[in-house]
$ cat final_13.tsv   # TSV, C-alpha atoms and all ligand atoms
chain	number	residue	atom	x	y	z
A	1	MET	CA	84.93	53.62	138.55
A	2	SER	CA	82.89	55.47	141.19
A	3	ALA	CA	83.40	54.84	144.91
A	4	LYS	CA	79.99	53.17	145.06
A	5	GLU	CA	80.84	50.81	142.19
A	6	ARG	CA	84.15	49.94	143.89
A	7	ILE	CA	82.37	49.24	147.20
A	8	VAL	CA	79.69	47.10	145.56
A	9	GLU	CA	82.34	45.18	143.58
A	10	THR	CA	84.33	44.53	146.78
A	11	ILE	CA	81.25	43.24	148.62
A	12	GLU	CA	80.18	41.08	145.66
A	13	ALA	CA	83.66	39.55	145.50
A	14	SER	CA	84.10	38.67	149.16
A	15	GLY	CA	81.02	39.53	151.20
A	16	PRO	CA	80.20	42.32	153.70
A	17	ILE	CA	82.99	44.70	154.70
A	18	PRO	CA	83.75	46.41	158.04
A	19	PHE	CA	82.49	49.99	158.17
A	20	GLU	CA	86.05	51.39	158.34
A	21	LEU	CA	86.82	49.83	154.94
A	22	PHE	CA	83.60	51.28	153.53
A	23	MET	CA	84.55	54.74	154.89
A	24	ASP	CA	88.10	54.44	153.55
A	25	LEU	CA	86.85	53.53	150.05
A	26	ALA	CA	84.17	56.25	150.17
A	27	LEU	CA	86.62	59.00	151.14
A	28	TYR	CA	90.16	58.22	150.00
A	29	HIS	CA	90.29	55.74	147.12
A	30	PRO	CA	89.81	56.66	143.45
A	31	GLY	CA	86.27	57.97	143.12
A	32	GLY	CA	86.27	58.83	146.84
A	33	PHE	CA	85.13	62.15	148.30
A	34	PHE	CA	88.68	63.46	148.90
A	35	ALA	CA	90.23	61.70	145.89
A	36	GLY	CA	88.56	63.60	143.05
A	37	GLU	CA	89.14	66.90	141.28
A	38	ILE	CA	87.19	69.04	143.75
A	39	LEU	CA	89.02	70.75	146.62
A	40	ARG	CA	86.65	69.97	149.48
A	41	SER	CA	87.76	72.21	152.34
A	42	GLU	CA	87.06	75.59	150.80
A	43	LYS	CA	84.44	78.25	151.33
A	44	ALA	CA	82.92	77.11	148.05
A	45	GLY	CA	83.28	73.44	149.05
A	46	ASP	CA	81.45	71.15	151.46
A	47	PHE	CA	82.42	72.24	154.95
A	48	LEU	CA	83.74	75.35	156.68
A	49	THR	CA	86.61	74.76	159.06
A	50	SER	CA	88.23	77.25	161.44
A	51	PRO	CA	91.05	78.24	159.04
A	52	GLU	CA	88.53	78.58	156.20
A	53	VAL	CA	86.37	80.83	158.39
A	54	SER	CA	89.16	83.19	159.39
A	55	PRO	CA	92.84	83.83	158.58
A	56	LEU	CA	93.20	84.82	162.25
A	57	PHE	CA	93.13	81.11	163.15
A	58	GLY	CA	96.51	80.53	161.44
A	59	GLU	CA	97.79	83.92	162.53
A	60	THR	CA	96.98	83.14	166.18
A	61	LEU	CA	98.59	79.69	165.97
A	62	ALA	CA	101.77	81.37	164.72
A	63	LYS	CA	102.31	82.50	168.31
A	64	PHE	CA	102.14	78.90	169.56
A	65	VAL	CA	104.62	77.80	166.88
A	66	ALA	CA	106.97	80.71	167.63
A	67	ASP	CA	106.87	79.88	171.37
A	68	GLU	CA	107.70	76.25	170.62
A	69	HIS	CA	110.56	77.39	168.39
A	70	ASP	CA	111.89	79.48	171.28
A	71	ARG	CA	111.54	76.47	173.58
A	72	ILE	CA	113.31	73.79	171.49
A	73	GLY	CA	115.37	75.83	169.00
A	74	ASP	CA	116.63	74.54	165.64
A	75	PRO	CA	116.29	72.30	163.70
A	76	PHE	CA	112.58	73.03	163.69
A	77	GLN	CA	109.78	72.11	161.32
A	78	LEU	CA	106.08	72.89	161.25
A	79	VAL	CA	104.05	69.95	159.91
A	80	GLU	CA	100.37	70.30	159.15
A	81	VAL	CA	98.59	66.98	158.56
A	82	GLY	CA	95.43	67.11	156.46
A	83	ALA	CA	96.31	70.64	155.40
A	84	GLY	CA	93.41	70.92	152.89
A	85	SER	CA	93.52	74.10	150.85
A	86	GLY	CA	96.34	75.64	152.92
A	87	SER	CA	94.10	78.15	154.66
A	88	LEU	CA	95.83	77.54	158.00
A	89	LEU	CA	99.41	77.49	156.74
A	90	ARG	CA	99.21	80.61	154.56
A	91	PRO	CA	98.44	83.16	157.31
A	92	LEU	CA	100.57	81.25	159.82
A	93	LEU	CA	103.65	81.36	157.58
A	94	ALA	CA	102.98	85.00	156.72
A	95	THR	CA	103.11	85.76	160.48
A	96	PHE	CA	105.99	83.49	161.49
A	97	ASP	CA	108.47	82.40	158.83
A	98	VAL	CA	109.47	78.80	159.52
A	99	GLU	CA	110.30	75.63	157.58
A	100	ALA	CA	106.98	73.89	156.93
A	101	LEU	CA	105.59	70.72	155.40
A	102	ALA	CA	101.99	70.00	154.41
A	103	VAL	CA	100.97	66.34	154.66
A	104	GLU	CA	97.86	65.60	152.63
A	105	ALA	CA	96.05	62.49	151.41
A	106	SER	CA	94.04	64.31	148.73
A	107	PRO	CA	95.84	64.81	145.38
A	108	VAL	CA	93.89	67.95	144.49
A	109	ALA	CA	94.68	69.49	147.89
A	110	ARG	CA	98.37	68.56	147.46
A	111	ALA	CA	98.38	70.39	144.13
A	112	ALA	CA	96.90	73.53	145.73
A	113	LEU	CA	99.33	73.39	148.65
A	114	SER	CA	102.39	72.86	146.46
A	115	GLU	CA	101.95	76.42	145.17
A	116	PHE	CA	103.42	77.77	148.41
A	117	VAL	CA	104.74	74.99	150.67
A	118	PRO	CA	106.55	71.62	150.37
A	119	VAL	CA	104.01	68.79	150.30
A	120	SER	CA	104.02	65.08	151.08
A	121	HIS	CA	101.42	62.35	151.27
A	122	GLU	CA	103.02	60.88	154.40
A	123	LEU	CA	104.50	61.96	157.73
A	124	PRO	CA	108.26	62.55	157.89
A	125	ASP	CA	110.19	59.78	159.72
A	126	ARG	CA	111.44	62.15	162.42
A	127	ILE	CA	109.86	65.43	163.47
A	128	ARG	CA	111.39	68.18	165.59
A	129	GLY	CA	108.91	71.01	165.85
A	130	VAL	CA	105.12	71.33	165.83
A	131	VAL	CA	102.54	69.01	164.27
A	132	ILE	CA	99.09	70.53	163.72
A	133	ALA	CA	95.96	68.71	162.58
A	134	ASN	CA	92.66	70.55	162.22
A	135	GLU	CA	89.55	68.46	161.53
A	136	LEU	CA	91.66	65.54	160.37
A	137	VAL	CA	90.91	62.95	163.04
A	138	ASP	CA	87.11	63.10	162.59
A	139	ASN	CA	87.68	62.00	158.99
A	140	LEU	CA	89.77	58.92	159.79
A	141	PRO	CA	87.84	55.69	159.14
A	142	VAL	CA	85.83	54.28	162.06
A	143	ALA	CA	84.36	50.86	162.78
A	144	LEU	CA	80.71	50.89	163.89
A	145	ALA	CA	79.25	49.06	166.86
A	146	GLN	CA	75.83	48.87	168.44
A	147	ARG	CA	74.96	47.92	172.01
A	148	VAL	CA	72.57	44.99	171.99
A	149	ASP	CA	71.31	43.65	175.33
A	150	THR	CA	74.45	43.28	177.40
A	151	GLY	CA	76.93	42.91	174.55
A	152	TRP	CA	78.25	44.53	171.39
A	153	ARG	CA	77.54	43.80	167.73
A	154	GLU	CA	79.43	45.29	164.82
A	155	ARG	CA	77.64	46.87	161.91
A	156	TRP	CA	79.36	46.02	158.62
A	157	VAL	CA	78.26	47.06	155.13
A	158	GLY	CA	76.69	44.49	152.84
A	159	LEU	CA	74.18	44.26	150.00
A	160	VAL	CA	70.54	43.63	150.86
A	161	ALA	CA	68.19	43.48	147.86
A	162	ASP	CA	71.00	45.07	145.80
A	163	GLN	CA	71.21	48.08	148.13
A	164	LEU	CA	74.06	48.96	150.49
A	165	ALA	CA	72.86	48.22	154.02
A	166	PHE	CA	74.18	47.65	157.53
A	167	VAL	CA	74.56	43.97	158.31
A	168	ASP	CA	75.15	42.33	161.67
A	169	ALA	CA	78.62	40.95	162.41
A	170	ASP	CA	80.43	39.42	165.39
A	171	PRO	CA	82.58	42.15	166.97
A	172	ARG	CA	86.29	41.72	166.32
A	173	PRO	CA	88.54	41.47	169.40
A	174	SER	CA	90.29	44.81	168.69
A	175	VAL	CA	86.87	46.49	168.43
A	176	VAL	CA	85.65	44.95	171.69
A	177	ASP	CA	88.86	46.02	173.47
A	178	TRP	CA	88.38	49.61	172.29
A	179	LEU	CA	84.68	49.60	173.27
A	180	ASP	CA	85.44	48.21	176.73
A	181	SER	CA	87.98	51.00	177.27
A	182	TYR	CA	86.31	54.03	175.68
A	183	ALA	CA	82.59	53.54	174.95
A	184	GLY	CA	81.37	53.95	178.53
A	185	PRO	CA	77.98	52.74	179.80
A	186	VAL	CA	76.03	52.88	176.52
A	187	THR	CA	72.35	51.93	176.77
A	188	ASP	CA	70.70	49.23	174.69
A	189	GLY	CA	70.53	50.15	170.99
A	190	GLY	CA	73.21	52.89	171.29
A	191	TRP	CA	75.75	53.40	168.50
A	192	VAL	CA	79.49	53.89	168.93
A	193	GLU	CA	82.10	54.85	166.34
A	194	VAL	CA	85.21	52.84	167.14
A	195	GLN	CA	88.22	55.03	166.41
A	196	LEU	CA	91.05	52.57	165.99
A	197	ALA	CA	92.53	54.43	162.99
A	198	ALA	CA	92.62	57.68	164.99
A	199	GLY	CA	94.65	55.95	167.69
A	200	GLU	CA	97.00	54.45	165.11
A	201	TRP	CA	97.53	57.85	163.51
A	202	PHE	CA	98.20	59.56	166.84
A	203	SER	CA	100.60	56.77	167.95
A	204	GLU	CA	102.50	57.20	164.69
A	205	VAL	CA	102.90	60.94	165.23
A	206	LEU	CA	103.95	60.41	168.87
A	207	ASP	CA	106.57	57.87	167.73
A	208	ARG	CA	108.02	60.25	165.15
A	209	LEU	CA	108.11	63.38	167.32
A	210	GLU	CA	111.61	63.83	168.74
A	211	ALA	CA	110.89	67.16	170.42
A	212	GLY	CA	108.16	69.75	170.17
A	213	SER	CA	104.40	69.38	170.24
A	214	ILE	CA	101.29	67.98	168.62
A	215	VAL	CA	98.10	70.06	168.46
A	216	VAL	CA	94.89	68.34	167.39
A	217	PHE	CA	91.73	70.42	166.86
A	218	ASP	CA	88.39	68.74	166.30
A	219	TYR	CA	84.78	68.35	167.28
A	220	GLY	CA	84.19	65.68	169.88
A	221	ASP	CA	84.68	65.28	173.60
A	222	THR	CA	85.89	62.91	176.26
A	223	ALA	CA	84.32	59.42	176.36
A	224	GLU	CA	82.10	60.65	179.20
A	225	GLY	CA	81.13	63.85	177.38
A	226	LEU	CA	80.09	61.83	174.33
A	227	LEU	CA	77.73	59.52	176.26
A	228	PRO	CA	74.59	61.66	175.70
A	229	ARG	CA	75.23	61.39	171.93
A	230	ARG	CA	75.29	57.57	171.94
A	231	LYS	CA	71.57	56.89	171.36
A	232	ASP	CA	71.92	57.60	167.62
A	233	GLY	CA	75.72	57.85	167.52
A	234	THR	CA	77.62	60.72	165.90
A	235	LEU	CA	78.30	59.32	162.43
A	236	ARG	CA	77.07	61.80	159.83
A	237	THR	CA	77.72	63.22	156.38
A	238	TYR	CA	78.23	66.75	155.10
A	239	ARG	CA	77.73	68.21	151.69
A	240	ALA	CA	77.71	71.86	150.60
A	241	HIS	CA	77.93	73.06	154.23
A	242	HIS	CA	74.86	71.08	155.34
A	243	LEU	CA	74.19	67.72	156.90
A	244	GLY	CA	73.99	65.23	154.04
A	245	PRO	CA	72.21	61.92	153.38
A	246	HIS	CA	72.63	58.64	155.29
A	247	PRO	CA	76.31	57.54	155.12
A	248	LEU	CA	75.48	54.49	152.99
A	249	ASP	CA	73.38	56.38	150.45
A	250	GLU	CA	75.93	58.21	148.31
A	251	PRO	CA	79.48	57.04	149.08
A	252	GLY	CA	82.05	59.24	147.36
A	253	GLU	CA	79.62	62.15	147.11
A	254	THR	CA	79.59	63.20	150.77
A	255	ASP	CA	82.01	63.75	153.62
A	256	ILE	CA	81.67	61.07	156.33
A	257	THR	CA	82.67	62.05	159.83
A	258	ALA	CA	82.21	61.28	163.54
A	259	ASP	CA	82.85	63.11	166.81
A	260	VAL	CA	86.35	62.42	168.10
A	261	ASN	CA	86.66	60.43	171.33
A	262	PHE	CA	89.56	62.38	172.87
A	263	THR	CA	89.85	60.03	175.86
A	264	ALA	CA	91.10	57.32	173.49
A	265	LEU	CA	93.82	59.68	172.20
A	266	MET	CA	94.75	61.01	175.65
A	267	ASP	CA	95.33	57.45	176.84
A	268	LEU	CA	98.23	57.25	174.37
A	269	ALA	CA	99.81	60.41	175.79
A	270	PRO	CA	98.66	60.86	179.39
A	271	GLU	CA	100.65	64.12	179.73
A	272	ALA	CA	98.56	65.74	176.98
A	273	ARG	CA	96.08	68.51	177.88
A	274	LEU	CA	92.56	68.84	176.52
A	275	VAL	CA	91.07	72.34	176.34
A	276	ARG	CA	88.29	74.13	174.52
A	277	GLN	CA	89.18	75.94	171.29
A	278	ASP	CA	87.85	79.29	172.57
A	279	ASP	CA	90.07	79.07	175.67
A	280	PHE	CA	93.09	77.96	173.64
A	281	LEU	CA	92.80	80.82	171.14
A	282	ARG	CA	92.07	83.38	173.85
A	283	ASP	CA	95.22	82.31	175.75
A	284	LEU	CA	97.18	82.85	172.54
A	285	GLY	CA	95.90	86.42	172.31
A	286	LEU	CA	92.91	86.25	169.95
A	287	ARG	CA	90.66	88.30	172.28
A	288	ASP	CA	93.31	91.06	172.45
A	289	ARG	CA	93.58	90.97	168.66
A	290	LEU	CA	89.79	91.40	168.46
A	291	GLY	CA	90.07	94.41	170.78
A	292	ASP	CA	92.65	95.94	168.42
A	293	LEU	CA	90.36	95.30	165.45
A	294	ARG	CA	87.47	97.04	167.25
A	295	ARG	CA	89.63	100.11	167.80
A	296	GLN	CA	90.83	100.07	164.18
A	297	GLU	CA	87.23	99.80	162.99
A	298	LEU	CA	86.31	102.90	165.01
A	299	GLU	CA	89.29	104.82	163.66
A	300	ALA	CA	88.37	103.89	160.09
A	301	ALA	CA	84.77	104.99	160.76
A	302	ARG	CA	85.98	108.31	162.19
A	303	SER	CA	88.24	108.95	159.22
A	304	GLY	CA	85.40	108.10	156.82
A	305	ASP	CA	87.30	105.25	155.15
A	306	GLU	CA	84.29	103.01	154.56
A	307	MET	CA	86.17	100.33	152.57
A	308	GLU	CA	88.74	99.94	155.32
A	309	ARG	CA	86.03	99.90	158.00
A	310	LEU	CA	84.22	97.09	156.18
A	311	ARG	CA	87.45	95.12	155.68
A	312	ILE	CA	88.25	95.29	159.39
A	313	ARG	CA	84.69	94.53	160.38
A	314	THR	CA	84.67	91.37	158.24
A	315	LEU	CA	87.98	90.24	159.72
A	316	LYS	CA	86.60	90.84	163.22
A	317	THR	CA	83.27	89.05	162.61
A	318	GLU	CA	85.02	86.03	161.09
A	319	ALA	CA	87.42	85.79	164.02
A	320	GLU	CA	84.56	86.04	166.53
A	321	THR	CA	83.12	82.89	164.90
A	322	LEU	CA	86.24	80.99	165.99
A	323	LEU	CA	85.35	81.75	169.62
A	324	HIS	CA	81.61	81.10	169.49
A	325	PRO	CA	80.93	79.01	172.62
A	326	ARG	CA	78.36	76.75	170.93
A	327	GLY	CA	80.15	76.65	167.58
A	328	LEU	CA	83.85	76.47	166.74
A	329	GLY	CA	84.75	77.66	170.24
A	330	ASP	CA	83.28	74.43	171.59
A	331	PHE	CA	85.78	72.34	169.59
A	332	ARG	CA	88.40	70.52	171.61
A	333	VAL	CA	92.16	71.00	171.36
A	334	LEU	CA	94.54	68.27	172.44
A	335	ILE	CA	98.01	69.62	173.18
A	336	TYR	CA	100.93	67.30	173.72
A	337	ARG	CA	104.44	68.63	174.43
A	338	THR	CA	107.71	66.79	174.76
A	401	LIG	C1	87.98	68.05	156.85
A	401	LIG	S1	89.40	68.25	155.88
A	401	LIG	C2	90.24	69.53	156.80
A	401	LIG	C3	91.21	70.32	155.99
A	401	LIG	C4	91.93	71.44	156.75
A	401	LIG	N1	92.69	70.92	157.84
A	401	LIG	C5	90.97	72.48	157.26
A	401	LIG	O1	90.82	72.59	158.46
A	401	LIG	O2	90.35	73.19	156.43
A	401	LIG	C6	90.37	66.81	156.21
A	401	LIG	C7	91.58	66.69	155.35
A	401	LIG	O3	92.41	65.64	155.85
A	401	LIG	C8	92.95	64.93	154.74
A	401	LIG	N2	93.37	63.61	155.23
A	401	LIG	C9	92.60	62.59	155.65
A	401	LIG	N3	93.34	61.57	156.09
A	401	LIG	C10	94.63	61.95	155.98
A	401	LIG	C11	95.87	61.35	156.32
A	401	LIG	N4	95.93	60.13	156.87
A	401	LIG	N5	97.01	62.04	156.07
A	401	LIG	C12	96.95	63.28	155.52
A	401	LIG	N6	95.80	63.89	155.20
A	401	LIG	C13	94.66	63.25	155.43
A	401	LIG	C14	91.82	64.94	153.74
A	401	LIG	O4	92.27	64.69	152.43
A	401	LIG	C15	91.27	66.35	153.91
A	401	LIG	O5	91.91	67.27	153.08
$ encode --input "final_13.tsv" --output "structure tokens"
Amino acid sequence: MSAKERIVETIEASGPIPFELFMDLALYHPGGFFAGEILRSEKAGDFLTSPEVSPLFGETLAKFVADEHDRIGDPFQLVEVGAGSGSLLRPLLATFDVEALAVEASPVARAALSEFVPVSHELPDRIRGVVIANELVDNLPVALAQRVDTGWRERWVGLVADQLAFVDADPRPSVVDWLDSYAGPVTDGGWVEVQLAAGEWFSEVLDRLEAGSIVVFDYGDTAEGLLPRRKDGTLRTYRAHHLGPHPLDEPGETDITADVNFTALMDLAPEARLVRQDDFLRDLGLRDRLGDLRRQELEAARSGDEMERLRIRTLKTEAETLLHPRGLGDFRVLIYRT
């Protein structure tokens, strides 16, 4: 059964469903975008993430993990949640050898990961070490709300003339609480993605972390920083590296994602820091590494080794993408240490 058929069947059986259930069925249940045979987070897939762009992302993070290992000692485990194809863990583990676990919801990604690292579909009960999540939180199901006059309405998913469509619904108390805390002064007609599942996920990791740190990379901003994006909201789809159709049009066939409201996560761990990805990677030495690559490229050019020069140049260009101030460099990194 396709994700769309499952969604339609659910609505026909019991009426309109909250958007977070629609998103969950569209992404993670049989027939869902991440539940099929295709490995989504690959160069040949639907979106390009930092670790897919450059192995220097994982290599640079190895320094953070090694520093944390120095700080808290053994036992120590590196846990990557939503590890996708393993493009972060592979170069990281090649740089710093440490016990690791990949936590993944997608069966096809788990199969790919199991070739080189232990894999689970859920978080360990207790964690001592570092938890990393790159572009996971933007994929966690969101509820949808729209500002109408002076109040909020929820947008659920129903069937109108046999087509999936947004339908009006009274906002649930948990949704209103979240909006009152994190939406900010949204103008009439503005859309907000209500990230209750993101908060639940982050609380769960915080509860399980005995010592060490959590590092969350994603697109998004603080509640205040997101305000200019509220007129149309930030919910969108991706397919084959491009923005895809309307989220209700082809459930199961597209990625569905929203900008992360980091204020809502920071509230759960007030000691956490929020920085830009370019600053975070620079502080871990990526700019120095780029300087080394530039020198190596010149040496290869001088010695006439064109293959080597091209290899280094590619590595350098890919890594520069990680720091692009209006691209991946503009991602946010939440760092929590305990
Ligand atoms: C956008 S992909 C990012 C993959 C990888 N981190 C990267 O940067 O290339 C999001 C991944 O998170 C996984 N995922 C979503 N929810 C999850 C959860 N609750 N636990 C573990 N993995 C999850 C998806 O299956 C998918 O592989």
$ residues_near_ligand --input "final_13.tsv" --ligand "ligand LIG 401 (chain A)" --cutoff "7 Å" --atoms "only C-alpha atoms and all ligand atoms" --output "ChimeraX atom specification"
/A:34,40-42,48-52,81-85,87,103-106,109,121-122,133-136,139-140
$ closest_residue --input "final_13.tsv" --among "A:Asp255, A:Asp177, A:Glu299, A:Glu99" --to "Val65 in chain A" --atoms "all atoms listed in the file"
A:Glu99
$ atom_distance --input "final_13.tsv" --atom1 "CA of Glu297 in chain A" --atom2 "CA of Arg311 in chain A"
8.7 Å
$ closest_residue --input "final_13.tsv" --among "A:Gln296, A:Ser54, A:Thr237, A:Ser14" --to "Gly252 in chain A" --atoms "all atoms listed in the file"
A:Thr237
$ residues_around --input "final_13.tsv" --residues "Phe331 in chain A" --least-positions-apart "4" --cutoff "7 Å" --atoms "all atoms listed in the file" --output "compact mmCIF listing (two decimals) with C-alpha atoms, in the frame of the given file"
# COMPACT_ATOMS: atom_id res chain seq x y z
CA PHE A 217 91.73 70.42 166.86
CA ASP A 218 88.39 68.74 166.30
CA TYR A 219 84.78 68.35 167.28
CA GLY A 220 84.19 65.68 169.88
CA ARG A 276 88.29 74.13 174.52
CA GLN A 277 89.18 75.94 171.29
$ atom_distance --input "final_13.tsv" --atom1 "CA of Glu253 in chain A" --atom2 "CA of Phe33 in chain A"
5.6 Å
$ closest_residue --input "final_13.tsv" --among "A:Asp97, A:Asp267, A:Glu320, A:Glu193" --to "Pro18 in chain A" --atoms "all atoms listed in the file"
A:Glu193
$ closest_residue --input "final_13.tsv" --among "A:Pro16, A:Gly244, A:Gly291, A:Gly199" --to "Ala269 in chain A" --atoms "only C-alpha atoms"
A:Gly199
$ closest_residue --input "final_13.tsv" --among "A:Leu293, A:Ala301, A:Ala102, A:Val176" --to "Val131 in chain A" --atoms "only C-alpha atoms"
A:Ala102
$ closest_residue --input "final_13.tsv" --among "A:Met266, A:Phe19, A:Leu93, A:Leu25" --to "Pro171 in chain A" --atoms "only C-alpha atoms"
A:Phe19
$ atom_distance --input "final_13.tsv" --atom1 "CA of Ile256 in chain A" --atom2 "CA of Ala143 in chain A"
12.4 Å
$ axis_aligned_box --input "final_13.tsv" --around "range 22-28 of chain A" --padding-each-side "5 Å" --output "lines of an AutoDock Vina configuration file"
center_x = 86.9
center_y = 55.1
center_z = 152.4
size_x = 16.6
size_y = 17.7
size_z = 14.9
$ residues_around --input "final_13.tsv" --residues "range 186-188 of chain A" --least-positions-apart "3" --cutoff "10 Å" --atoms "all atoms listed in the file" --output "PyMOL selection string"
chain A and resi 146-152+179+183+191-192+227-231
$ build_atoms --input "final_13.tsv" --residues "range 175-192 of chain A" --atoms "N, CA, C and O atoms" --output "CSV table (one decimal), keeping the file's coordinate frame"
chain,number,residue,atom,x,y,z
A,175,VAL,N,88.0,45.6,168.3
A,175,VAL,CA,86.9,46.5,168.4
A,175,VAL,C,86.3,46.4,169.8
A,175,VAL,O,86.0,47.4,170.5
A,176,VAL,N,86.2,45.1,170.3
A,176,VAL,CA,85.6,45.0,171.7
A,176,VAL,C,86.6,45.6,172.7
A,176,VAL,O,86.1,46.3,173.7
A,177,ASP,N,87.9,45.4,172.5
A,177,ASP,CA,88.9,46.0,173.5
A,177,ASP,C,88.7,47.5,173.5
A,177,ASP,O,88.7,48.1,174.6
A,178,TRP,N,88.5,48.1,172.4
A,178,TRP,CA,88.4,49.6,172.3
A,178,TRP,C,87.1,50.0,173.0
A,178,TRP,O,87.0,51.0,173.8
A,179,LEU,N,86.0,49.3,172.7
A,179,LEU,CA,84.7,49.6,173.3
A,179,LEU,C,84.7,49.5,174.8
A,179,LEU,O,84.2,50.3,175.5
A,180,ASP,N,85.4,48.4,175.3
A,180,ASP,CA,85.4,48.2,176.7
A,180,ASP,C,86.2,49.4,177.4
A,180,ASP,O,85.9,49.8,178.5
A,181,SER,N,87.2,49.9,176.7
A,181,SER,CA,88.0,51.0,177.3
A,181,SER,C,87.3,52.4,177.1
A,181,SER,O,87.5,53.2,178.0
A,182,TYR,N,86.7,52.6,176.0
A,182,TYR,CA,86.3,54.0,175.7
A,182,TYR,C,84.8,54.3,175.4
A,182,TYR,O,84.5,55.5,175.2
A,183,ALA,N,84.0,53.3,175.3
A,183,ALA,CA,82.6,53.5,175.0
A,183,ALA,C,81.8,54.1,176.2
A,183,ALA,O,80.9,54.9,176.0
A,184,GLY,N,82.1,53.6,177.3
A,184,GLY,CA,81.4,54.0,178.5
A,184,GLY,C,80.1,53.2,178.6
A,184,GLY,O,79.8,52.3,177.8
A,185,PRO,N,79.2,53.5,179.6
A,185,PRO,CA,78.0,52.7,179.8
A,185,PRO,C,76.9,53.1,178.8
A,185,PRO,O,76.0,53.9,179.1
A,186,VAL,N,77.0,52.6,177.6
A,186,VAL,CA,76.0,52.9,176.5
A,186,VAL,C,74.8,52.0,176.7
A,186,VAL,O,74.8,50.8,177.0
A,187,THR,N,73.6,52.7,176.6
A,187,THR,CA,72.4,51.9,176.8
A,187,THR,C,72.0,51.1,175.5
A,187,THR,O,72.5,51.4,174.4
A,188,ASP,N,71.1,50.2,175.7
A,188,ASP,CA,70.7,49.2,174.7
A,188,ASP,C,70.3,50.0,173.4
A,188,ASP,O,69.5,50.9,173.5
A,189,GLY,N,70.9,49.5,172.3
A,189,GLY,CA,70.5,50.2,171.0
A,189,GLY,C,71.5,51.3,170.6
A,189,GLY,O,71.4,51.8,169.5
A,190,GLY,N,72.3,51.7,171.6
A,190,GLY,CA,73.2,52.9,171.3
A,190,GLY,C,74.3,52.5,170.3
A,190,GLY,O,74.8,51.4,170.2
A,191,TRP,N,74.7,53.6,169.6
A,191,TRP,CA,75.8,53.4,168.5
A,191,TRP,C,77.1,54.0,168.9
A,191,TRP,O,77.1,55.1,169.5
A,192,VAL,N,78.2,53.3,168.6
A,192,VAL,CA,79.5,53.9,168.9
A,192,VAL,C,80.4,53.8,167.7
A,192,VAL,O,80.4,52.7,167.0
